[in-house]
Amino acid sequence: MFKINDNFLKLPGSYLFSTIARKVSEYKSANPDKEVISLGIGDVTKPLVPAVIEAMHKAVDEMGTAQGFHGYSPDLGYEFLRKAIAKHDYEKRGVKLDLDEIFISDGAKSDCGNIVDIFATDNRIAVTDPVYPVYVDSNAMAGKTGEYDKDKEAWTDVIYMPCTAENGFVPAFPEKTPDIIYICCPNNPTGTTLTKAQLQAWVDYAIEKDAVILYDAAYEAYIHEDDVPHTIYECEGAKTCAIEMRSFSKNAGFTGTRLGFTVIPKELTDPTTGAQLNSLWARRHGTKFNGAPYIIQRAGEAVYSPEGQAQTREQIESYMKNAKTIRDGLSGAGYTVYGGVNAPYIWMQTPDGMSSWDFFDKLLTEANVVGTPGSGFGPSGEGYFRLTAFGTAENTAKAVERICKL
Ligand SMILES: *Cc1c(COP(=O)(O)O)cnc(C)c1O
């Protein structure tokens, strides 16, 4: 008789986005004359830039020729792409990586979810609260999080590190010692960042505790302030304790095109056996993944060309203009807002201590604007609300105007 992985049965339903969709569709059908603007989605909206499209067209044509055809990609991804990454994302920041420390994938979500494969079941994970749900759920599926406590909305074996206005969205070192620490910077959902000194403190802590940091830098391209690290390897000793994940989704609009990568330095070794985590991931990658498509890897390479850099930069800046519109508009109207300076997310405090969901309802019905209730990202998100900068400039300005009039 077969048995399922019953860890899946312990997972709480993912109600957040389905509940939002249901509420919006109910409101729209009851009020067909109202124009509802969504600043809720975490997806880009601008088309792929010309440099990327050109590279893809060229690669498509190559694939139709005997000389230019490409079958399976090398296990780690094509060298042309790994070279571009090493040069532009790391060498420029003073970080030297070997090409076999970079693993090309079909995106950061897959890598965040799959990385649990190389760790033992009894590791204790620590996450910030609120959090990108993938980190916790992927560990839960692997039976690494204990039991789910519905009342507390928390897993018994997960260390939650609250990130709120009170601590400036900087997690404090937890009471219990974690083995694996997830850090996302710039952060989704709060849009806040750590300074280099704050991240260095976490690196030092991880080294002291023999813990590993899983560092999600999906929003690196949105960093505008000087003191925010672009890669965790800017911190001293990070190569011995950190894995970094990156994505082409938010910097180049690849959410539907799919490309990302993970960096695992060879200096990162298992404290018990001395095994390199790089070798474990190489083995896992070689066994369970057959590579991102050649055409898409060429598209990724084009992001690093001078044209690609200029064109994607322009897109990011236009999203950041929206972020500024939201930040300035709402704070001008007396709201307390965070984020939006180094990230496409604005994390606002709900007014008068209103709950996240009550504010959602108010915004939907009175301003016809959709956002995301902070409590959907974790208990410490209660009393907050996320707005994204991925809308059009026109809709963003209109939505802000409506919220300010409330
Ligand atoms: C969007 C996002 C990613 C990127 O995921 P992809 O699978 O590469 O599209 C990773 N981490 C966070 C926190 C994100 O918000």
# chains A, B, ... in the order shown; residues from 1 in each chain; ligands from 1

call {"tool": "residues_around", "arguments": {"residues": "segment 178-190 of chain A", "least_positions_apart": "3", "cutoff": "9 Å", "atoms": "only C-alpha atoms", "output": "JSON, numbers by chain"}}
result
{"A": [123, 124, 125, 126, 127, 128, 130, 131, 132, 135, 158, 159, 163, 164, 169, 174, 193, 194, 206, 209, 210, 211, 212, 213, 214, 215, 216, 217, 218, 219, 220, 222, 223, 228, 229, 230, 338, 339, 340, 342, 343, 344, 345, 346, 347, 348, 374, 377, 381, 385, 386]}

call {"tool": "residues_around", "arguments": {"residues": "Ala282 of chain A", "least_positions_apart": "4", "cutoff": "10 Å", "atoms": "only C-alpha atoms", "output": "PyMOL selection string"}}
result
chain A and resi 75-76+100-103+264+276-278+286-287

call {"tool": "residues_around", "arguments": {"residues": "Thr350 of chain A", "least_positions_apart": "6", "cutoff": "8 Å", "atoms": "only C-alpha atoms", "output": "list in words"}}
result
Tyr335, Ser356, Phe359, Gly383, Tyr384 and Phe385 of chain A

call {"tool": "write_last_selection", "arguments": {"atoms": "all heavy atoms", "output": "PDB file, in the first residue's frame"}}
result
ATOM      1  N   TYR A 335      -0.206  59.019   6.607  1.00  0.00           N
ATOM      2  CA  TYR A 335       0.037  57.584   6.846  1.00  0.00           C
ATOM      3  C   TYR A 335       1.501  57.354   7.190  1.00  0.00           C
ATOM      4  O   TYR A 335       2.385  58.119   6.773  1.00  0.00           O
ATOM      5  CB  TYR A 335      -0.318  56.766   5.597  1.00  0.00           C
ATOM      6  CG  TYR A 335      -1.791  56.669   5.320  1.00  0.00           C
ATOM      7  CD1 TYR A 335      -2.392  57.483   4.358  1.00  0.00           C
ATOM      8  CD2 TYR A 335      -2.586  55.754   6.003  1.00  0.00           C
ATOM      9  CE1 TYR A 335      -3.751  57.407   4.094  1.00  0.00           C
ATOM     10  CE2 TYR A 335      -3.947  55.657   5.741  1.00  0.00           C
ATOM     11  CZ  TYR A 335      -4.524  56.481   4.787  1.00  0.00           C
ATOM     12  OH  TYR A 335      -5.859  56.390   4.528  1.00  0.00           O
ATOM     13  N   SER A 356      -5.390  44.348   9.374  1.00  0.00           N
ATOM     14  CA  SER A 356      -4.985  44.333   7.963  1.00  0.00           C
ATOM     15  C   SER A 356      -6.164  44.037   7.037  1.00  0.00           C
ATOM     16  O   SER A 356      -6.319  44.643   5.986  1.00  0.00           O
ATOM     17  CB  SER A 356      -3.911  43.273   7.740  1.00  0.00           C
ATOM     18  OG  SER A 356      -2.755  43.558   8.478  1.00  0.00           O
ATOM     19  N   PHE A 359      -8.732  46.898   6.870  1.00  0.00           N
ATOM     20  CA  PHE A 359      -8.233  47.958   5.992  1.00  0.00           C
ATOM     21  C   PHE A 359      -8.347  47.540   4.526  1.00  0.00           C
ATOM     22  O   PHE A 359      -8.688  48.349   3.656  1.00  0.00           O
ATOM     23  CB  PHE A 359      -6.782  48.311   6.348  1.00  0.00           C
ATOM     24  CG  PHE A 359      -6.279  49.525   5.628  1.00  0.00           C
ATOM     25  CD1 PHE A 359      -6.872  50.781   5.813  1.00  0.00           C
ATOM     26  CD2 PHE A 359      -5.197  49.448   4.755  1.00  0.00           C
ATOM     27  CE1 PHE A 359      -6.411  51.911   5.142  1.00  0.00           C
ATOM     28  CE2 PHE A 359      -4.731  50.571   4.086  1.00  0.00           C
ATOM     29  CZ  PHE A 359      -5.335  51.807   4.276  1.00  0.00           C
ATOM     30  N   GLY A 383      -1.690  44.614  11.134  1.00  0.00           N
ATOM     31  CA  GLY A 383      -1.594  46.060  11.327  1.00  0.00           C
ATOM     32  C   GLY A 383      -0.797  46.746  10.220  1.00  0.00           C
ATOM     33  O   GLY A 383      -0.580  47.950  10.274  1.00  0.00           O
ATOM     34  N   TYR A 384      -0.370  45.946   9.237  1.00  0.00           N
ATOM     35  CA  TYR A 384       0.351  46.511   8.087  1.00  0.00           C
ATOM     36  C   TYR A 384      -0.357  46.110   6.795  1.00  0.00           C
ATOM     37  O   TYR A 384      -1.210  45.210   6.778  1.00  0.00           O
ATOM     38  CB  TYR A 384       1.795  46.017   8.048  1.00  0.00           C
ATOM     39  CG  TYR A 384       2.642  46.510   9.193  1.00  0.00           C
ATOM     40  CD1 TYR A 384       2.752  45.757  10.364  1.00  0.00           C
ATOM     41  CD2 TYR A 384       3.342  47.702   9.110  1.00  0.00           C
ATOM     42  CE1 TYR A 384       3.525  46.194  11.423  1.00  0.00           C
ATOM     43  CE2 TYR A 384       4.123  48.155  10.165  1.00  0.00           C
ATOM     44  CZ  TYR A 384       4.210  47.401  11.311  1.00  0.00           C
ATOM     45  OH  TYR A 384       4.978  47.830  12.348  1.00  0.00           O
ATOM     46  N   PHE A 385       0.060  46.760   5.717  1.00  0.00           N
ATOM     47  CA  PHE A 385      -0.588  46.554   4.428  1.00  0.00           C
ATOM     48  C   PHE A 385       0.459  46.762   3.337  1.00  0.00           C
ATOM     49  O   PHE A 385       1.233  47.720   3.401  1.00  0.00           O
ATOM     50  CB  PHE A 385      -1.713  47.588   4.291  1.00  0.00           C
ATOM     51  CG  PHE A 385      -2.742  47.249   3.274  1.00  0.00           C
ATOM     52  CD1 PHE A 385      -3.706  46.270   3.528  1.00  0.00           C
ATOM     53  CD2 PHE A 385      -2.773  47.900   2.049  1.00  0.00           C
ATOM     54  CE1 PHE A 385      -4.671  45.955   2.580  1.00  0.00           C
ATOM     55  CE2 PHE A 385      -3.737  47.585   1.095  1.00  0.00           C
ATOM     56  CZ  PHE A 385      -4.687  46.611   1.373  1.00  0.00           C
TER      57      PHE A 385
END

call {"tool": "residues_near_ligand", "arguments": {"ligand": "ligand 1", "cutoff": "8 Å", "atoms": "only C-alpha atoms and all ligand atoms", "output": "PyMOL selection string"}}
result
chain A and resi 42-43+106-112+132+184+187-189+216-219+245-250+254-256+258-260

call {"tool": "residues_around", "arguments": {"residues": "Arg82 of chain A", "least_positions_apart": "3", "cutoff": "7 Å", "atoms": "only C-alpha atoms", "output": "JSON, numbers by chain"}}
result
{"A": [78, 79, 85, 86, 99, 102]}

call {"tool": "write_last_selection", "arguments": {"atoms": "C-alpha atoms", "output": "compact mmCIF listing (two decimals), in the first residue's frame"}}
result
# COMPACT_ATOMS: atom_id res chain seq x y z
CA TYR A 78 26.16 27.84 -19.95
CA GLU A 79 29.51 29.39 -19.23
CA ILE A 85 27.04 36.93 -13.71
CA ALA A 86 30.47 36.53 -12.08
CA LEU A 99 32.33 29.76 -12.33
CA ILE A 102 27.24 29.58 -9.79

call {"tool": "closest_residue", "arguments": {"among": "A:Tyr160, A:Pro351, A:Ser105, A:Ala275", "to": "Thr336 of chain A", "atoms": "only C-alpha atoms"}}
result
A:Pro351

call {"tool": "residues_around", "arguments": {"residues": "Arg298 of chain A", "least_positions_apart": "2", "cutoff": "10 Å", "atoms": "only C-alpha atoms", "output": "list in words"}}
result
Val52, Ile53, Glu54, Ala55, Met56, His57, Lys58, Ala59, Val60, Tyr78, Phe80, Leu81, Pro293, Tyr294, Ile295, Ile296, Gly300, Glu301, Ala302 and Val303 of chain A

call {"tool": "select_by_dssp", "arguments": {"residues": "segment 100-133 of chain A", "states": "helix (DSSP H, G or I)", "output": "JSON, numbers by chain"}}
result
{"A": [100, 101, 108, 109, 110, 111, 112, 113, 114, 115, 116, 117, 118]}

call {"tool": "atom_distance", "arguments": {"atom1": "atom CA of Asp270 of chain A", "atom2": "atom CA of Val170 of chain A"}}
result
27.6 Å

call {"tool": "residues_around", "arguments": {"residues": "Cys235 of chain A", "least_positions_apart": "2", "cutoff": "10 Å", "atoms": "only C-alpha atoms", "output": "list in words"}}
result
Val95, Lys196, Ala197, Gln198, Leu199, Gln200, Ala201, Trp202, Val203, Asp204, Pro229, Thr231, Ile232, Tyr233, Gly237, Ala238 and Lys239 of chain A

call {"tool": "write_last_selection", "arguments": {"atoms": "N, CA and C atoms", "output": "tab-separated table (two decimals), in the first residue's frame"}}
result
chain	number	residue	atom	x	y	z
A	95	VAL	N	33.80	40.85	-5.26
A	95	VAL	CA	33.65	39.45	-4.87
A	95	VAL	C	34.11	38.56	-6.03
A	196	LYS	N	24.98	47.19	5.63
A	196	LYS	CA	26.07	46.23	5.54
A	196	LYS	C	26.50	45.78	6.95
A	197	ALA	N	26.54	46.70	7.89
A	197	ALA	CA	26.96	46.34	9.26
A	197	ALA	C	25.94	45.38	9.89
A	198	GLN	N	24.66	45.61	9.65
A	198	GLN	CA	23.63	44.72	10.20
A	198	GLN	C	23.73	43.32	9.59
A	199	LEU	N	24.00	43.26	8.29
A	199	LEU	CA	24.13	41.95	7.66
A	199	LEU	C	25.42	41.27	8.13
A	200	GLN	N	26.47	42.05	8.28
A	200	GLN	CA	27.74	41.50	8.78
A	200	GLN	C	27.53	40.86	10.17
A	201	ALA	N	26.70	41.50	11.00
A	201	ALA	CA	26.43	40.94	12.33
A	201	ALA	C	25.76	39.57	12.21
A	202	TRP	N	24.88	39.41	11.23
A	202	TRP	CA	24.24	38.12	11.00
A	202	TRP	C	25.23	37.09	10.49
A	203	VAL	N	26.13	37.52	9.63
A	203	VAL	CA	27.17	36.61	9.13
A	203	VAL	C	28.05	36.15	10.29
A	204	ASP	N	28.45	37.09	11.14
A	204	ASP	CA	29.28	36.74	12.30
A	204	ASP	C	28.55	35.76	13.22
A	229	PRO	N	24.00	46.22	1.24
A	229	PRO	CA	24.84	45.28	0.48
A	229	PRO	C	24.10	44.72	-0.73
A	231	THR	N	25.29	42.03	-2.39
A	231	THR	CA	25.43	40.58	-2.24
A	231	THR	C	25.92	40.33	-0.82
A	232	ILE	N	25.53	39.19	-0.27
A	232	ILE	CA	25.97	38.90	1.10
A	232	ILE	C	27.47	38.68	1.16
A	233	TYR	N	28.07	38.35	0.00
A	233	TYR	CA	29.52	38.09	0.00
A	233	TYR	C	30.34	39.36	0.13
A	237	GLY	N	33.70	36.81	5.60
A	237	GLY	CA	33.42	35.47	6.09
A	237	GLY	C	32.16	34.84	5.52
A	238	ALA	N	31.41	35.60	4.72
A	238	ALA	CA	30.12	35.10	4.24
A	238	ALA	C	30.27	33.86	3.36
A	239	LYS	N	31.43	33.74	2.68
A	239	LYS	CA	31.60	32.58	1.81
A	239	LYS	C	31.64	31.27	2.60
